[in-house]
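Visitor: Take this structure, written in structure tokens, and hold onto it; I'll ask about it next.
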Amino acid sequence: MTAGYAVDWTGRFSGTTPAVVRPGSTTEVSRVMEICCEHGLAVVPQGGNTGLVGGGVPLGGEVVLSLRRLRRLDAVEQAAGQVTAGAGVTIAELQDHAEASGWRYAVDLGARESATVGGTIATNAGGLRMIRYGGTRQQLTGIEAVLADGRVLSHLGGLVKDNTGYDLASLLCGSEGTLAVVSAARLRLHPPSPEVVTALLAFSDTSPAFAAAAGLRRTLPELEAVEFFLHGGLALVSELTGAKSPFSKAFDCYLLVEAAGVTDPGPALESAIARTTGVADVAVALSDTQRRRLWHLREAHTEVINTLGPPHKLDVTLPHEALAAFVGDVSELVQEVAPGAEAWFFGHAGDGNLHVNVTGVEPYDDTVDTAVLSLVAHLGGSISAEHGVGRAKLPYLHLNRSPGELSVFRAIKAAFDPRGILNPGVLLPAPDAAAEG
Ligand code: 2HG
Ligand code: ZN
């Protein structure tokens with residue numbers, strides 16, 4: 001009965017739990033936390049369980065606190081352009097709700113049907129349209145959260161200008177369930193951009209592709225997404241899903257580009273592409289069906305790669321100028337440290353965020369992770385771009401965060417959760433491990 005809550009989506013992280021608790025209101029969450037606190041029971045908060053870093057499953061035998069039943073979804077506040085949603089509302093539901101009221105929730109990700117408001121706040125999810133609208137933190141105007149001892153913090157007034165001290169919504173966003181349990185949030189909406197144009201650009205090499213991503217950002221204000229993938233990924237998607245490339249021949253890599261506005265951004269995209277060097281071929285979607293087909297080539301990567309066995313997911317950001325060489329260097333590095341393993345690259349080129357997936361490596365063999373993430377840090381990148389630290393990246397956090405920063409992290413954790421019951425071992429070492437280390 002609890003299996004679906006104890007194993008992560010990839011199958012790489014598998015735990016056990018004495019109980020899955022599914023509260024249906026903030027008051028019930030508060031009561032659960034009160035009891036757990038009283039008895040010193042460790043708790044893993046969980047949303048849609050679409051996380052990829054082992055941050056939402058009970059790897060230390062914790063109680064799972066599933067927030068999926070927190071289904072509050074208020075009417076859109078038209079004057080403010082905001083909405084209050086419970087932690088268990090999915091991103092797709094939130095998007096549909098906003099759209100039905102003439103607005104748009106701009107954070108979008110492949111896991112939209114399962115990923116929840118609470119989970120995307122806990123991980124500060126970025127997604128496909130971050131270049132234009134920012135990530136989850138930028139959408140938050142208020143938060144309701146339950147502290148480890150059951151007290152409820154509620155700041156859902158949604159005032160855009162509100163300089164009354166520490167920004168707790170921002171702090172809890174990205175805290176991965178280690179500081180408090182997010183039960184609801186007030187979120188910023190954007191006016192819709194009904195005119196959309198989507199194109200797939202083909203390149204013979206990664207260098208011009210990344211240069212094009214940067215150039216399009218500068219020259220096309222309507223740009224919403226610039227997604228990168230390689231021929232290998234496209235071939236796997238084609239082989240396993242039957243989807244076809246719109247091109248008659250194979251290229252080295254591709255950018256899926258989307259622009260949107262209130263008027264047709266097609267001509268602007270066309271002239272921006274004409275001014276871009278290195279574009280070997282272009283396919284423009286002429287209908288919604290074609291548009292969905294192009295997106296499928298990119299969005300299906302996660303699923304098809306998973307059929308090869310649980311991948312090691314290295315979600316990293318690089319300084320823009322390092323991206324192209326990184327792809328080649330990491331392919332070689334992986335061959336060197338794990339012969340026979342395979343590295344797959346795709347991601348959000350506009351944000352400098354690459355998803356390096358490595359298959360053919362045992363789930364608990366960290367050789368590849370160590371080699372690649374050390375290189376990332378050496379190049380001035382981030383070892384976690386948008387998936388969070390969880391347990392998978394915890395051993396590498398020191399590569400990006402100084403001892404001073406980590407000691408402030410620990411002080412913040414102690415202030416929110418003095419007994420250390422919220423998601424122990426995620427983001428920061430569990431208290432026992434810290435004492436041993
Ligand atoms: C995406 O961009 C998600 O599709 C998942 O962040 C990335 O599967 C991955 O590594
Ligand atoms: Zn991503």
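Every chain in the structure tokens has a letter given in the order shown (A, B, ...), and although residue numbers restart at 1 in each chain, ligands are simply numbered from 1 in the order shown.
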Using only C-alpha atoms, determine which residues lie at most 9 Å from stretch 225-233 of chain A, disregarding the query and same-chain residues fewer than 6 positions distant; provide the list as a PyMOL selection string.
Guide: chain A and resi 128-132+206+209-210+213+216-217+250-259+297-298+301+304-305+344-351+354
Visitor: Could you list, with a cut-off of 7 Å and counting only C-alpha atoms and all ligand atoms, the residues of chain A near ligand 1, each shown with its nearest atom pair and the distance in Å rounded to one decimal, rows sorted by chain and ascending number, as JSON lines?
Guide:
{"residue": "A:Leu109", "atom": "CA", "partner": "ligand 1", "partner_atom_place_in_ligand_line": "1 (C)", "distance": 6.7}
{"residue": "A:Gly110", "atom": "CA", "partner": "ligand 1", "partner_atom_place_in_ligand_line": "4 (O)", "distance": 5.6}
{"residue": "A:Gly127", "atom": "CA", "partner": "ligand 1", "partner_atom_place_in_ligand_line": "2 (O)", "distance": 6.0}
{"residue": "A:Leu128", "atom": "CA", "partner": "ligand 1", "partner_atom_place_in_ligand_line": "2 (O)", "distance": 6.7}
{"residue": "A:Glu299", "atom": "CA", "partner": "ligand 1", "partner_atom_place_in_ligand_line": "4 (O)", "distance": 5.7}
{"residue": "A:His301", "atom": "CA", "partner": "ligand 1", "partner_atom_place_in_ligand_line": "8 (O)", "distance": 6.8}
{"residue": "A:Thr302", "atom": "CA", "partner": "ligand 1", "partner_atom_place_in_ligand_line": "8 (O)", "distance": 4.0}
{"residue": "A:Lys313", "atom": "CA", "partner": "ligand 1", "partner_atom_place_in_ligand_line": "10 (O)", "distance": 5.3}
{"residue": "A:Leu314", "atom": "CA", "partner": "ligand 1", "partner_atom_place_in_ligand_line": "10 (O)", "distance": 6.9}
{"residue": "A:Asp315", "atom": "CA", "partner": "ligand 1", "partner_atom_place_in_ligand_line": "10 (O)", "distance": 6.3}
{"residue": "A:Gly347", "atom": "CA", "partner": "ligand 1", "partner_atom_place_in_ligand_line": "2 (O)", "distance": 5.4}
{"residue": "A:His348", "atom": "CA", "partner": "ligand 1", "partner_atom_place_in_ligand_line": "2 (O)", "distance": 6.8}
{"residue": "A:His355", "atom": "CA", "partner": "ligand 1", "partner_atom_place_in_ligand_line": "10 (O)", "distance": 4.8}
{"residue": "A:Val356", "atom": "CA", "partner": "ligand 1", "partner_atom_place_in_ligand_line": "10 (O)", "distance": 6.5}
{"residue": "A:Asn357", "atom": "CA", "partner": "ligand 1", "partner_atom_place_in_ligand_line": "10 (O)", "distance": 5.8}
{"residue": "A:His387", "atom": "CA", "partner": "ligand 1", "partner_atom_place_in_ligand_line": "6 (O)", "distance": 6.8}
Visitor: Could you list, as a ChimeraX atom specification, every residue within 8 Å of A:Glu144, counting only C-alpha atoms and ignoring same-chain residues fewer than 6 positions away?
Guide: /A:152-156,182-185
Visitor: If you run DSSP on the backbone, which residues of stretch 192-366 of chain A are helix (DSSP H, G or I), as a compact mmCIF listing (two decimals) with N, CA, C and O atoms, in the first residue's frame?
Guide:
# COMPACT_ATOMS: atom_id res chain seq x y z
N THR A 206 27.48 21.72 -31.29
CA THR A 206 26.87 22.35 -30.11
C THR A 206 27.23 23.84 -29.97
O THR A 206 26.42 24.61 -29.47
N SER A 207 28.43 24.23 -30.41
CA SER A 207 28.84 25.63 -30.23
C SER A 207 27.86 26.62 -30.84
O SER A 207 27.37 27.52 -30.15
N PRO A 208 27.54 26.49 -32.14
CA PRO A 208 26.57 27.43 -32.71
C PRO A 208 25.20 27.32 -32.07
O PRO A 208 24.46 28.31 -31.99
N ALA A 209 24.85 26.12 -31.59
CA ALA A 209 23.52 25.97 -30.98
C ALA A 209 23.43 26.82 -29.71
O ALA A 209 22.46 27.56 -29.50
N PHE A 210 24.43 26.73 -28.84
CA PHE A 210 24.37 27.51 -27.60
C PHE A 210 24.52 29.01 -27.89
O PHE A 210 23.91 29.84 -27.21
N ALA A 211 25.33 29.33 -28.91
CA ALA A 211 25.46 30.76 -29.28
C ALA A 211 24.10 31.27 -29.78
O ALA A 211 23.68 32.39 -29.48
N ALA A 212 23.39 30.42 -30.53
CA ALA A 212 22.07 30.81 -31.04
C ALA A 212 21.09 31.03 -29.89
O ALA A 212 20.29 31.97 -29.91
N ALA A 213 21.15 30.15 -28.88
CA ALA A 213 20.24 30.30 -27.73
C ALA A 213 20.45 31.67 -27.08
O ALA A 213 19.49 32.38 -26.76
N ALA A 214 21.71 32.04 -26.92
CA ALA A 214 22.01 33.33 -26.29
C ALA A 214 21.56 34.49 -27.18
O ALA A 214 20.96 35.46 -26.72
N GLY A 215 21.80 34.35 -28.50
CA GLY A 215 21.44 35.40 -29.44
C GLY A 215 19.93 35.60 -29.50
O GLY A 215 19.43 36.74 -29.51
N LEU A 216 19.18 34.50 -29.52
CA LEU A 216 17.72 34.61 -29.60
C LEU A 216 17.16 35.30 -28.36
O LEU A 216 16.20 36.07 -28.43
N ARG A 217 17.75 35.03 -27.23
CA ARG A 217 17.29 35.70 -25.99
C ARG A 217 17.40 37.21 -26.12
O ARG A 217 16.57 37.95 -25.65
N ARG A 218 18.49 37.62 -26.74
CA ARG A 218 18.77 39.05 -26.84
C ARG A 218 17.87 39.72 -27.89
O ARG A 218 17.44 40.85 -27.72
N THR A 219 17.58 38.98 -28.98
CA THR A 219 16.93 39.63 -30.11
C THR A 219 15.43 39.38 -30.20
O THR A 219 14.76 39.95 -31.05
N HIS A 231 21.25 14.53 -31.02
CA HIS A 231 20.68 13.53 -31.92
C HIS A 231 20.42 12.20 -31.22
O HIS A 231 19.40 11.55 -31.48
N GLY A 232 21.30 11.79 -30.31
CA GLY A 232 21.13 10.51 -29.61
C GLY A 232 19.81 10.45 -28.86
O GLY A 232 19.11 9.43 -28.89
N GLY A 233 19.46 11.53 -28.19
CA GLY A 233 18.20 11.58 -27.44
C GLY A 233 17.01 11.52 -28.38
O GLY A 233 16.04 10.80 -28.14
N LEU A 234 17.11 12.27 -29.47
CA LEU A 234 16.02 12.27 -30.46
C LEU A 234 15.82 10.87 -31.04
O LEU A 234 14.70 10.39 -31.20
N ALA A 235 16.95 10.20 -31.32
CA ALA A 235 16.86 8.85 -31.90
C ALA A 235 16.19 7.89 -30.93
O ALA A 235 15.38 7.05 -31.32
N LEU A 236 16.52 8.03 -29.63
CA LEU A 236 15.90 7.15 -28.62
C LEU A 236 14.40 7.43 -28.49
O LEU A 236 13.59 6.51 -28.41
N VAL A 237 14.04 8.71 -28.50
CA VAL A 237 12.61 9.07 -28.44
C VAL A 237 11.90 8.47 -29.65
O VAL A 237 10.82 7.88 -29.53
N SER A 238 12.51 8.59 -30.82
CA SER A 238 11.88 8.06 -32.05
C SER A 238 11.72 6.55 -31.95
O SER A 238 10.67 6.00 -32.24
N GLU A 239 12.81 5.91 -31.51
CA GLU A 239 12.79 4.43 -31.45
C GLU A 239 11.71 3.94 -30.48
O GLU A 239 10.98 3.01 -30.78
N LEU A 240 11.59 4.60 -29.33
CA LEU A 240 10.71 4.05 -28.29
C LEU A 240 9.28 4.59 -28.34
O LEU A 240 8.38 4.00 -27.77
N THR A 241 9.07 5.72 -28.97
CA THR A 241 7.70 6.26 -28.98
C THR A 241 7.14 6.34 -30.40
O THR A 241 5.97 6.67 -30.58
N GLY A 266 5.48 35.10 -35.12
CA GLY A 266 6.10 34.36 -36.21
C GLY A 266 7.11 35.19 -37.00
O GLY A 266 8.27 34.78 -37.15
N PRO A 267 6.70 36.38 -37.52
CA PRO A 267 7.65 37.16 -38.30
C PRO A 267 8.90 37.55 -37.51
O PRO A 267 10.02 37.49 -38.03
N ALA A 268 8.72 37.88 -36.23
CA ALA A 268 9.88 38.25 -35.40
C ALA A 268 10.80 37.05 -35.23
O ALA A 268 12.04 37.18 -35.30
N LEU A 269 10.21 35.86 -35.03
CA LEU A 269 11.05 34.66 -34.87
C LEU A 269 11.79 34.38 -36.18
O LEU A 269 12.99 34.09 -36.18
N GLU A 270 11.05 34.51 -37.29
CA GLU A 270 11.66 34.24 -38.59
C GLU A 270 12.87 35.15 -38.83
O GLU A 270 13.94 34.69 -39.22
N SER A 271 12.70 36.44 -38.53
CA SER A 271 13.86 37.31 -38.80
C SER A 271 14.97 37.09 -37.79
O SER A 271 16.15 37.19 -38.13
N ALA A 272 14.61 36.73 -36.56
CA ALA A 272 15.67 36.42 -35.57
C ALA A 272 16.46 35.19 -36.03
O ALA A 272 17.69 35.16 -35.92
N ILE A 273 15.76 34.18 -36.56
CA ILE A 273 16.46 32.97 -37.03
C ILE A 273 17.33 33.31 -38.24
O ILE A 273 18.47 32.86 -38.35
N ALA A 274 16.80 34.17 -39.11
CA ALA A 274 17.57 34.55 -40.31
C ALA A 274 18.88 35.22 -39.92
O ALA A 274 19.89 35.11 -40.61
N ASP A 288 -1.40 23.15 -34.06
CA ASP A 288 -1.22 22.71 -32.68
C ASP A 288 -0.67 21.29 -32.61
O ASP A 288 0.15 20.97 -31.75
N THR A 289 -1.14 20.45 -33.53
CA THR A 289 -0.66 19.06 -33.54
C THR A 289 0.83 19.04 -33.82
O THR A 289 1.60 18.35 -33.14
N GLN A 290 1.27 19.81 -34.80
CA GLN A 290 2.70 19.82 -35.10
C GLN A 290 3.50 20.40 -33.94
O GLN A 290 4.59 19.95 -33.63
N ARG A 291 2.90 21.39 -33.29
CA ARG A 291 3.57 22.01 -32.14
C ARG A 291 3.75 20.96 -31.03
O ARG A 291 4.82 20.82 -30.47
N ARG A 292 2.69 20.20 -30.74
CA ARG A 292 2.77 19.16 -29.71
C ARG A 292 3.79 18.10 -30.10
O ARG A 292 4.52 17.59 -29.25
N ARG A 293 3.88 17.80 -31.39
CA ARG A 293 4.85 16.78 -31.84
C ARG A 293 6.28 17.24 -31.60
O ARG A 293 7.13 16.47 -31.18
N LEU A 294 6.53 18.52 -31.88
CA LEU A 294 7.89 19.02 -31.64
C LEU A 294 8.22 18.97 -30.15
O LEU A 294 9.29 18.55 -29.74
N TRP A 295 7.25 19.39 -29.32
CA TRP A 295 7.49 19.37 -27.86
C TRP A 295 7.70 17.95 -27.36
O TRP A 295 8.50 17.71 -26.45
N HIS A 296 6.99 17.01 -27.95
CA HIS A 296 7.13 15.62 -27.52
C HIS A 296 8.58 15.15 -27.68
O HIS A 296 9.11 14.42 -26.83
N LEU A 297 9.23 15.58 -28.76
CA LEU A 297 10.62 15.15 -29.00
C LEU A 297 11.51 15.56 -27.84
O LEU A 297 12.44 14.85 -27.47
N ARG A 298 11.23 16.69 -27.24
CA ARG A 298 12.02 17.14 -26.09
C ARG A 298 11.49 16.57 -24.77
O ARG A 298 12.24 16.03 -23.96
N GLU A 299 10.17 16.63 -24.58
CA GLU A 299 9.63 16.26 -23.27
C GLU A 299 9.72 14.76 -22.99
O GLU A 299 9.75 14.34 -21.84
N HIS A 301 12.18 12.86 -23.38
CA HIS A 301 13.52 12.40 -23.01
C HIS A 301 13.55 11.70 -21.65
O HIS A 301 14.12 10.61 -21.52
N THR A 302 12.95 12.32 -20.64
CA THR A 302 13.01 11.77 -19.28
C THR A 302 12.47 10.34 -19.26
O THR A 302 13.09 9.44 -18.68
N GLU A 303 11.33 10.15 -19.88
CA GLU A 303 10.67 8.86 -19.85
C GLU A 303 11.46 7.79 -20.62
O GLU A 303 11.64 6.68 -20.13
N VAL A 304 11.92 8.14 -21.81
CA VAL A 304 12.59 7.10 -22.60
C VAL A 304 13.95 6.73 -22.00
O VAL A 304 14.35 5.57 -22.02
N ILE A 305 14.63 7.71 -21.44
CA ILE A 305 15.93 7.40 -20.81
C ILE A 305 15.71 6.46 -19.63
O ILE A 305 16.49 5.54 -19.39
N ASN A 306 14.60 6.66 -18.92
CA ASN A 306 14.33 5.80 -17.76
C ASN A 306 14.11 4.33 -18.13
O ASN A 306 14.32 3.45 -17.31
N HIS A 320 27.42 30.33 -19.51
CA HIS A 320 27.05 30.10 -20.90
C HIS A 320 28.22 29.69 -21.80
O HIS A 320 28.12 28.76 -22.61
N GLU A 321 29.34 30.39 -21.59
CA GLU A 321 30.48 30.14 -22.49
C GLU A 321 31.09 28.74 -22.30
O GLU A 321 31.85 28.27 -23.15
N ALA A 322 30.73 28.06 -21.20
CA ALA A 322 31.31 26.73 -20.95
C ALA A 322 30.44 25.59 -21.49
O ALA A 322 30.87 24.44 -21.50
N LEU A 323 29.22 25.91 -21.93
CA LEU A 323 28.25 24.86 -22.25
C LEU A 323 28.71 23.90 -23.36
O LEU A 323 28.64 22.68 -23.20
N ALA A 324 29.15 24.46 -24.47
CA ALA A 324 29.44 23.61 -25.64
C ALA A 324 30.58 22.64 -25.33
O ALA A 324 30.46 21.42 -25.59
N ALA A 325 31.67 23.15 -24.76
CA ALA A 325 32.80 22.26 -24.46
C ALA A 325 32.41 21.23 -23.42
O ALA A 325 32.86 20.07 -23.46
N PHE A 326 31.54 21.62 -22.50
CA PHE A 326 31.11 20.73 -21.42
C PHE A 326 30.50 19.44 -21.97
O PHE A 326 30.79 18.34 -21.49
N VAL A 327 29.67 19.57 -22.99
CA VAL A 327 29.00 18.39 -23.54
C VAL A 327 30.04 17.37 -24.02
O VAL A 327 29.99 16.18 -23.68
N GLY A 328 31.02 17.83 -24.78
CA GLY A 328 32.06 16.93 -25.28
C GLY A 328 32.93 16.40 -24.15
O GLY A 328 33.21 15.19 -24.07
N ASP A 329 33.34 17.29 -23.25
CA ASP A 329 34.25 16.88 -22.17
C ASP A 329 33.59 15.85 -21.26
O ASP A 329 34.23 14.90 -20.82
N VAL A 330 32.30 16.04 -20.96
CA VAL A 330 31.64 15.10 -20.05
C VAL A 330 31.44 13.74 -20.72
O VAL A 330 31.59 12.70 -20.07
N SER A 331 31.16 13.74 -22.01
CA SER A 331 31.03 12.45 -22.70
C SER A 331 32.33 11.66 -22.54
O SER A 331 32.32 10.46 -22.23
N GLU A 332 33.46 12.34 -22.74
CA GLU A 332 34.77 11.65 -22.59
C GLU A 332 35.02 11.24 -21.15
O GLU A 332 35.46 10.13 -20.86
N LEU A 333 34.70 12.16 -20.23
CA LEU A 333 34.92 11.89 -18.81
C LEU A 333 34.14 10.66 -18.35
O LEU A 333 34.67 9.80 -17.63
N VAL A 334 32.92 10.55 -18.79
CA VAL A 334 32.08 9.42 -18.37
C VAL A 334 32.69 8.12 -18.91
O VAL A 334 32.78 7.11 -18.19
N GLN A 335 33.16 8.14 -20.14
CA GLN A 335 33.79 6.94 -20.70
C GLN A 335 35.03 6.54 -19.90
O GLN A 335 35.32 5.37 -19.71
N GLU A 336 35.74 7.58 -19.45
CA GLU A 336 36.98 7.35 -18.70
C GLU A 336 36.69 6.72 -17.33
O GLU A 336 37.31 5.73 -16.96
N VAL A 337 35.72 7.30 -16.58
CA VAL A 337 35.51 6.82 -15.20
C VAL A 337 34.51 5.67 -15.12
O VAL A 337 34.50 4.94 -14.13
N ALA A 349 18.52 25.45 -22.65
CA ALA A 349 19.72 26.15 -23.12
C ALA A 349 19.70 27.62 -22.74
O ALA A 349 20.75 28.21 -22.47
N GLY A 350 18.53 28.21 -22.70
CA GLY A 350 18.44 29.63 -22.37
C GLY A 350 18.87 29.94 -20.94
O GLY A 350 19.30 31.05 -20.63
N ASP A 351 18.75 28.95 -20.05
CA ASP A 351 19.14 29.15 -18.64
C ASP A 351 20.54 28.60 -18.37
O ASP A 351 20.99 28.62 -17.22
Visitor: Kindly give the distance, in Å, that separates atom CA of A:Glu38 and atom CA of A:Ser66, rounded to a single decimal.
Guide: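 Pair atom CA of A:Glu38 / atom CA of A:Ser66 returns 19.4 Å.
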Visitor: For ligand 2, which residue among A:Gly81, A:Gly352, A:Gly157, A:Pro191 is the nearest when counting only C-alpha atoms and all ligand atoms?
Guide: A:Gly352
Visitor: If we count only C-alpha atoms and set the cut-off at 8 Å, which residues sit around A:Leu428, ignoring sequence neighbours fewer than 2 positions away in its own chain? Please answer as a PyMOL selection string.
Guide: chain A and resi 394+410+424-426+430
Visitor: Go ahead and write the selection's residues with N, CA, C and O atoms as a PDB file, in the first residue's frame.
Guide:
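The resulting file, selection17.pdb, is shown below:
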ATOM      1  N   LEU A 394      23.637  15.926  -1.878  1.00  0.00           N
ATOM      2  CA  LEU A 394      24.148  16.348  -0.571  1.00  0.00           C
ATOM      3  C   LEU A 394      25.669  16.221  -0.434  1.00  0.00           C
ATOM      4  O   LEU A 394      26.321  17.161   0.047  1.00  0.00           O
ATOM      5  N   ARG A 410      22.758  25.664   8.626  1.00  0.00           N
ATOM      6  CA  ARG A 410      22.478  24.829   9.807  1.00  0.00           C
ATOM      7  C   ARG A 410      21.765  25.641  10.888  1.00  0.00           C
ATOM      8  O   ARG A 410      20.867  25.137  11.569  1.00  0.00           O
ATOM      9  N   PRO A 424      15.086  14.768   7.507  1.00  0.00           N
ATOM     10  CA  PRO A 424      16.493  14.653   7.916  1.00  0.00           C
ATOM     11  C   PRO A 424      17.317  13.980   6.812  1.00  0.00           C
ATOM     12  O   PRO A 424      16.831  13.055   6.153  1.00  0.00           O
ATOM     13  N   GLY A 425      18.526  14.459   6.615  1.00  0.00           N
ATOM     14  CA  GLY A 425      19.392  13.851   5.603  1.00  0.00           C
ATOM     15  C   GLY A 425      19.186  14.408   4.215  1.00  0.00           C
ATOM     16  O   GLY A 425      19.848  14.001   3.269  1.00  0.00           O
ATOM     17  N   VAL A 426      18.239  15.342   4.083  1.00  0.00           N
ATOM     18  CA  VAL A 426      18.040  16.019   2.796  1.00  0.00           C
ATOM     19  C   VAL A 426      18.616  17.433   2.925  1.00  0.00           C
ATOM     20  O   VAL A 426      18.433  18.086   3.950  1.00  0.00           O
ATOM     21  N   ALA A 430      21.992  14.520   8.112  1.00  0.00           N
ATOM     22  CA  ALA A 430      21.142  14.205   9.270  1.00  0.00           C
ATOM     23  C   ALA A 430      21.987  14.411  10.527  1.00  0.00           C
ATOM     24  O   ALA A 430      23.198  14.267  10.473  1.00  0.00           O
TER      25      ALA A 430
END
Visitor: So the first atom is atom CA of A:Ala87 and the second is atom CA of A:Val117; what is the distance between them in Å, to one decimal place?
Guide: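 Going from atom CA of A:Ala87 over to atom CA of A:Val117 covers 4.9 Å.
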Visitor: Pick the closest to A:Ala3 from A:His97, A:Gly15, A:Arg186, A:Cys37: which is it, counting only C-alpha atoms?
Guide: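 Checking each of A:His97, A:Gly15, A:Arg186, A:Cys37 against A:Ala3, counting only C-alpha atoms, the winner is A:Gly15.
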Visitor: Could you please determine the separation between atom CA of A:Val44 and atom CA of A:Ala122 in Å, to one decimal place?
Guide: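 A separation of 11.8 Å between them.
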Visitor: Could you go through stretch 21-124 of chain A and tell me which residues DSSP, when run on the backbone, assigns to strand (DSSP E or B), listing them as a compact mmCIF listing (two decimals) with C-alpha atoms, in the first residue's frame?
Guide:
# COMPACT_ATOMS: atom_id res chain seq x y z
CA VAL A 21 -0.34 10.13 6.46
CA VAL A 43 8.75 13.13 8.54
CA VAL A 44 9.25 13.36 4.76
CA PRO A 45 6.78 15.79 3.17
CA GLN A 46 5.74 14.59 -0.28
CA VAL A 63 6.77 8.85 8.10
CA VAL A 64 5.56 10.08 4.70
CA LEU A 65 3.37 13.17 4.93
CA SER A 66 1.54 13.28 1.61
CA LEU A 73 -8.10 26.30 -5.15
CA GLU A 77 -8.23 37.45 -7.80
CA GLN A 82 -3.07 36.14 -8.25
CA VAL A 83 -4.53 32.90 -6.95
CA THR A 84 -4.26 30.95 -3.72
CA ALA A 85 -3.77 27.22 -4.16
CA GLY A 86 -3.34 24.30 -1.79
CA THR A 90 -1.21 19.87 -9.62
CA ARG A 104 -1.81 32.05 -16.99
CA THR A 116 2.13 19.78 -7.23
Visitor: Smallest atom-to-atom distance to ligand 2: which of A:Asp74, A:Glu342, A:Asp108, A:Asp366, using only C-alpha atoms and all ligand atoms?
Guide: A:Asp108
Visitor: Nearest residue to ligand 2 out of A:Gly135, A:Gly119, A:Gly40, A:Gly381, using only C-alpha atoms and all ligand atoms?
Guide: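 Nearest to ligand 2: A:Gly135.
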Visitor: Please list as an MDAnalysis selection string every residue within 9 Å of A:Ala338, counting only C-alpha atoms and excluding residues in the same chain fewer than 5 positions away.
Guide: chainID A and resid 333 360:361 367:368
Visitor: Next, write the just-selected residues to a file, as a compact mmCIF listing (two decimals), in the first residue's frame, keeping all heavy atoms as the atom set.
Guide:
# COMPACT_ATOMS: atom_id res chain seq x y z
N LEU A 333 34.70 12.16 -20.23
CA LEU A 333 34.92 11.89 -18.81
C LEU A 333 34.14 10.66 -18.35
O LEU A 333 34.67 9.80 -17.63
CB LEU A 333 34.48 13.13 -18.00
CG LEU A 333 34.72 13.14 -16.50
CD1 LEU A 333 36.21 13.07 -16.20
CD2 LEU A 333 34.15 14.42 -15.88
N GLY A 360 23.48 3.08 -17.24
CA GLY A 360 24.46 2.00 -17.22
C GLY A 360 25.37 2.06 -16.02
O GLY A 360 26.48 1.51 -16.04
N VAL A 361 24.92 2.75 -14.96
CA VAL A 361 25.71 2.83 -13.72
C VAL A 361 24.80 2.35 -12.59
O VAL A 361 23.62 2.69 -12.57
CB VAL A 361 26.14 4.30 -13.43
CG1 VAL A 361 26.90 4.39 -12.13
CG2 VAL A 361 26.95 4.86 -14.58
N THR A 367 30.65 7.24 -8.68
CA THR A 367 31.88 7.66 -9.37
C THR A 367 31.61 8.73 -10.43
O THR A 367 32.31 9.74 -10.49
CB THR A 367 32.52 6.43 -10.09
OG1 THR A 367 32.38 5.30 -9.25
CG2 THR A 367 33.95 6.68 -10.43
N VAL A 368 30.59 8.48 -11.23
CA VAL A 368 30.30 9.41 -12.31
C VAL A 368 29.82 10.75 -11.73
O VAL A 368 30.24 11.83 -12.18
CB VAL A 368 29.22 8.81 -13.24
CG1 VAL A 368 28.56 9.87 -14.08
CG2 VAL A 368 29.84 7.75 -14.13
Visitor: Have a look at A:Ala111, A:Val358, A:Ile412, A:Val29 and name the one nearest to A:Val181; count only C-alpha atoms.
Guide: A:Val29
